[in-house]
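Asks: Mind having a look at this structure? Questions to follow.
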Amino acid sequence: MFPANRGAAVPDSQIRALLEHADDRTLVERTVDGDIRAFEVLVRRHGPLMRAYATRILGSNDEADDVVQETFITAWAKLPTLENPALAKGWLMRIVSHKSIDRIRARRHHSSLDNLDVPAPDHHSPITAVEALSRSEALSQVLSELPTNQRRCWELKEFGDYSYAEIAEELDLPVSTIRGLLARARKTLIREMEAWR
Amino acid sequence: MTPPNMPDATSDWYLSDNEPGHLDGHTIEELNDYLDRGRVPANLSIDTSPACQIALASLERLSSAMSSLLQDEADRADVRDDSWVTAIMDGIVRDARSGRDIPLEHPSPHARLFVTEGAVRGLVRAAGDTVANLIVGRCRLDGDLATPGAPITIAINASIYRGESIPALAEQLRQTVAAALSAHTELTIAAIDVTIQNIYLTRHDPEIGQDTP
């Protein structure tokens, strides 16, 4: 009357396959209970997106790898405090944001964070040259060419799901400045996107 | 270029410095905030302006492009060896999850035996994983764990695949876990409560069923 058991000794590979099908909530719950295989599935599931995000913010793959690694080690320790396990992805992205911004602060003397509105590189007609690229690739290129602060605000808002006030706090800038930076970023992105369509 | 004194709703606001002149008196920020609020409460002036509708459509296109951009970049990233996963798994403190110590009875008054809560949860999980068409999530031990022999209630969250009988699978999980606990521990189990928290719609794409109550 019952479906067949998987058998008394379930091979590790079979458990891994099972966990790959599990939702985040289940994986977080198991991780909190000490199941390292569930945690590893979370790492593999969300790590690549987190790395892409950290790479955007930091502009470096190597540093992004470090940030993703630190993020997951923090996550393992802090996951029991996550109130809604289904929201793990956003929570992980938030930690990546913090850690990435911390690194930018640490290298502040090299960066233009204090230097509002560094002019964008003056090759703003790349869209015609990249017509063969996908929409994402083209947009990614436009995004990369935004002035640093505009780009950073935009990325925190779009990819990190930050509010204006949170961006202001993270970047130590007034909310009014954040609004202005986002408005300019939005306008440039739309102009380039519409030109490309 | 449209002079500010000759607003032309059909030309592109994003090529101009005079947004209100192109957007029937509105700014793109206003429109963006309107979108962020889910167009609630409805703004008749925006809703009836063709120029605003065109601009809103642009904003929505940008937003949808952005939401796929990062994933596309992640997908395009070079396939790496597994060392990044290994580095993470080597970095975590594994014994952080052992939980409370549960004393076990022992004939000698000088011997003190414990099993950790984490070990019991691991046992429950391993038993649950043998039940087909079901995935175990959280496992909680409720009761006076410090007193040997005190009754303990096990609360288990689980997900199942659509089409399976919830009562039958829950019962099978209960029996399997009870058998494992009785074979490997001396805990007094008062009850094993099973909560089915999610039903996966398909076996190969569980993400579709990810909306949990």
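In the structure tokens, chains take the letters A, B, ... in the order shown, each chain's residues start at 1, and ligands count up from 1 in the order shown.
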Pull out every residue of chain A that has at least one atom within 6 Å of chain B, counting only C-alpha atoms, and report them as a ChimeraX atom specification.
Replies: /A:5-7,21,23,26,29-30,34,48-49,52,69,73,136,187,191
Asks: When you draw a straight line from CA of Ile104 (chain A) to CA of Lys157 (chain A), how long is it in Å?
Replies: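 Pair CA of Ile104 (chain A) / CA of Lys157 (chain A) returns 17.1 Å.
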Asks: Might you pull out every residue within 10 Å of Glu186 (chain B), with only C-alpha atoms counted and same-chain residues fewer than 4 positions away left off, and present them as a list in words?
Replies: Pro103, Leu104, Glu105, Val115, Pro148, Gly149, Leu181 and Ser182 of chain B
Asks: Counting only C-alpha atoms, what is within 8 Å of region 33-49 of chain B, bar same-chain residues fewer than 6 positions away, as a PyMOL selection string?
Replies: chain B and resi 23-24+26+56
Asks: From the options A:Leu92, A:Leu189, A:Ala183, A:Leu171, which residue's atoms come nearest to Glu145 (chain A), counting only C-alpha atoms?
Replies: A:Leu189
Asks: CA of Met93 (chain A) and CA of Ser144 (chain A) are how many Å apart?
Replies: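 Here the two named atoms are 19.7 Å from each other.
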Asks: Rounded to one decimal, what separation in Å do you get between CA of Val43 (chain A) and CA of Gln141 (chain A)?
Replies: 27.6 Å
Asks: May I have all residues of region 46-159 of chain B that DSSP, computed from the backbone, assigns to strand (DSSP E or B), given as a count of residues only?
Replies: 28
Asks: Using only C-alpha atoms for the distances, tell me which of B:Ala179, B:Ser64, B:Asp78, B:Pro109 is nearest to Arg135 (chain A).
Replies: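 For Arg135 (chain A), the nearest of the candidates is B:Ser64.
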Asks: Using the chain letters and numbers from this document, which residues of region 16-142 of chain B does DSSP assign to helix (DSSP H, G or I), as a PyMOL selection string?
Replies: chain B and resi 19-22+28-36+44-47+50-76+83-91+94-97+117-128
Asks: Would you save the residues from that selection as a compact mmCIF listing (two decimals), in the first residue's frame, using C-alpha atoms?
Replies:
# COMPACT_ATOMS: atom_id res chain seq x y z
CA GLU B 19 10.99 65.46 -19.02
CA PRO B 20 7.72 67.11 -17.95
CA GLY B 21 7.49 68.67 -21.42
CA HIS B 22 7.55 65.21 -22.94
CA ILE B 28 10.32 59.83 -15.13
CA GLU B 29 11.05 59.53 -11.41
CA GLU B 30 7.38 60.04 -10.66
CA LEU B 31 6.55 57.33 -13.18
CA ASN B 32 9.17 55.05 -11.72
CA ASP B 33 7.81 55.53 -8.20
CA TYR B 34 4.32 54.91 -9.60
CA LEU B 35 5.49 51.57 -11.01
CA ASP B 36 7.24 50.67 -7.76
CA LEU B 44 -5.66 59.32 -13.95
CA SER B 45 -3.30 61.87 -15.40
CA ILE B 46 -0.60 59.21 -15.85
CA ASP B 47 -2.99 56.47 -16.92
CA PRO B 50 0.02 58.08 -24.09
CA ALA B 51 3.49 59.54 -23.50
CA CYS B 52 3.47 58.30 -19.90
CA GLN B 53 2.27 54.87 -20.99
CA ILE B 54 5.14 54.61 -23.47
CA ALA B 55 7.61 55.66 -20.78
CA LEU B 56 6.15 53.20 -18.29
CA ALA B 57 6.56 50.45 -20.86
CA SER B 58 10.24 51.44 -21.22
CA LEU B 59 10.71 51.29 -17.48
CA GLU B 60 9.14 47.86 -17.35
CA ARG B 61 11.32 46.62 -20.20
CA LEU B 62 14.39 47.85 -18.36
CA SER B 63 13.28 46.20 -15.18
CA SER B 64 12.69 42.87 -16.89
CA ALA B 65 16.03 43.12 -18.70
CA MET B 66 17.75 43.80 -15.38
CA SER B 67 16.17 40.85 -13.69
CA SER B 68 17.60 38.47 -16.28
CA LEU B 69 20.95 40.22 -16.67
CA LEU B 70 22.69 38.91 -13.59
CA GLN B 71 21.47 35.36 -14.11
CA ASP B 72 22.69 35.52 -17.72
CA GLU B 73 26.08 36.65 -16.48
CA ALA B 74 26.19 33.83 -13.95
CA ASP B 75 25.25 31.35 -16.69
CA ARG B 76 27.89 32.73 -19.04
CA SER B 83 37.66 24.09 -5.70
CA TRP B 84 35.46 27.06 -4.82
CA VAL B 85 32.87 24.72 -3.30
CA THR B 86 35.56 22.74 -1.50
CA ALA B 87 37.01 25.95 -0.05
CA ILE B 88 33.61 26.88 1.37
CA MET B 89 32.84 23.44 2.75
CA ASP B 90 36.29 23.30 4.38
CA GLY B 91 35.73 26.69 5.95
CA ARG B 94 30.71 21.67 11.38
CA ASP B 95 30.14 20.96 15.04
CA ALA B 96 28.23 24.21 15.48
CA ARG B 97 24.99 22.32 15.13
CA GLU B 117 20.30 16.61 19.69
CA GLY B 118 22.13 17.02 16.39
CA ALA B 119 22.85 13.31 16.23
CA VAL B 120 19.19 12.48 16.81
CA ARG B 121 18.14 14.94 14.11
CA GLY B 122 20.67 13.34 11.76
CA LEU B 123 19.19 9.93 12.51
CA VAL B 124 15.66 11.18 11.84
CA ARG B 125 16.78 12.77 8.56
CA ALA B 126 18.61 9.66 7.41
CA ALA B 127 15.53 7.55 8.18
CA GLY B 128 13.25 10.04 6.43
Asks: Can you tell me, as a ChimeraX atom specification, what residues are no more than 9 Å from Asp161 (chain A) when counting only C-alpha atoms, ignoring any on the same chain fewer than 6 positions away?
Replies: /A:90,93-94,155
Asks: For each of A:Arg107, A:Lys78, A:Arg186, A:Arg56, take the minimum atom-to-atom distance to Leu156 (chain A), counting only C-alpha atoms, then give the residue where this is smallest.
Replies: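 Checking each candidate against Leu156 (chain A), we get A:Arg56 as the closest.
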Asks: Excluding same-chain residues fewer than 4 positions from Ala170 (chain B), what lies within 8 Å of it counting only C-alpha atoms, as a list of chain:residue names?
Replies: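 After dropping sequence-adjacent residues, the list is B:Ile166, B:Arg174, B:Val194, B:Ile196.
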Asks: Generate the output file for the selected residues, N, CA and C atoms, as an mmCIF file, in the first residue's frame.
Replies:
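Output file result08.cif is given in full below:
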data_model
loop_
_atom_site.group_PDB
_atom_site.id
_atom_site.type_symbol
_atom_site.label_atom_id
_atom_site.label_comp_id
_atom_site.auth_asym_id
_atom_site.auth_seq_id
_atom_site.Cartn_x
_atom_site.Cartn_y
_atom_site.Cartn_z
ATOM 1 N N ILE B 166 -0.905 12.236 0.962
ATOM 2 C CA ILE B 166 -0.276 12.880 2.119
ATOM 3 C C ILE B 166 -0.385 12.033 3.382
ATOM 4 N N ARG B 174 6.429 8.505 9.691
ATOM 5 C CA ARG B 174 6.333 8.318 11.138
ATOM 6 C C ARG B 174 6.846 6.944 11.553
ATOM 7 N N VAL B 194 4.190 15.108 11.940
ATOM 8 C CA VAL B 194 4.689 15.392 10.596
ATOM 9 C C VAL B 194 3.872 16.524 9.984
ATOM 10 N N ILE B 196 3.392 18.455 6.434
ATOM 11 C CA ILE B 196 3.747 18.531 5.020
ATOM 12 C C ILE B 196 3.663 20.007 4.629
#
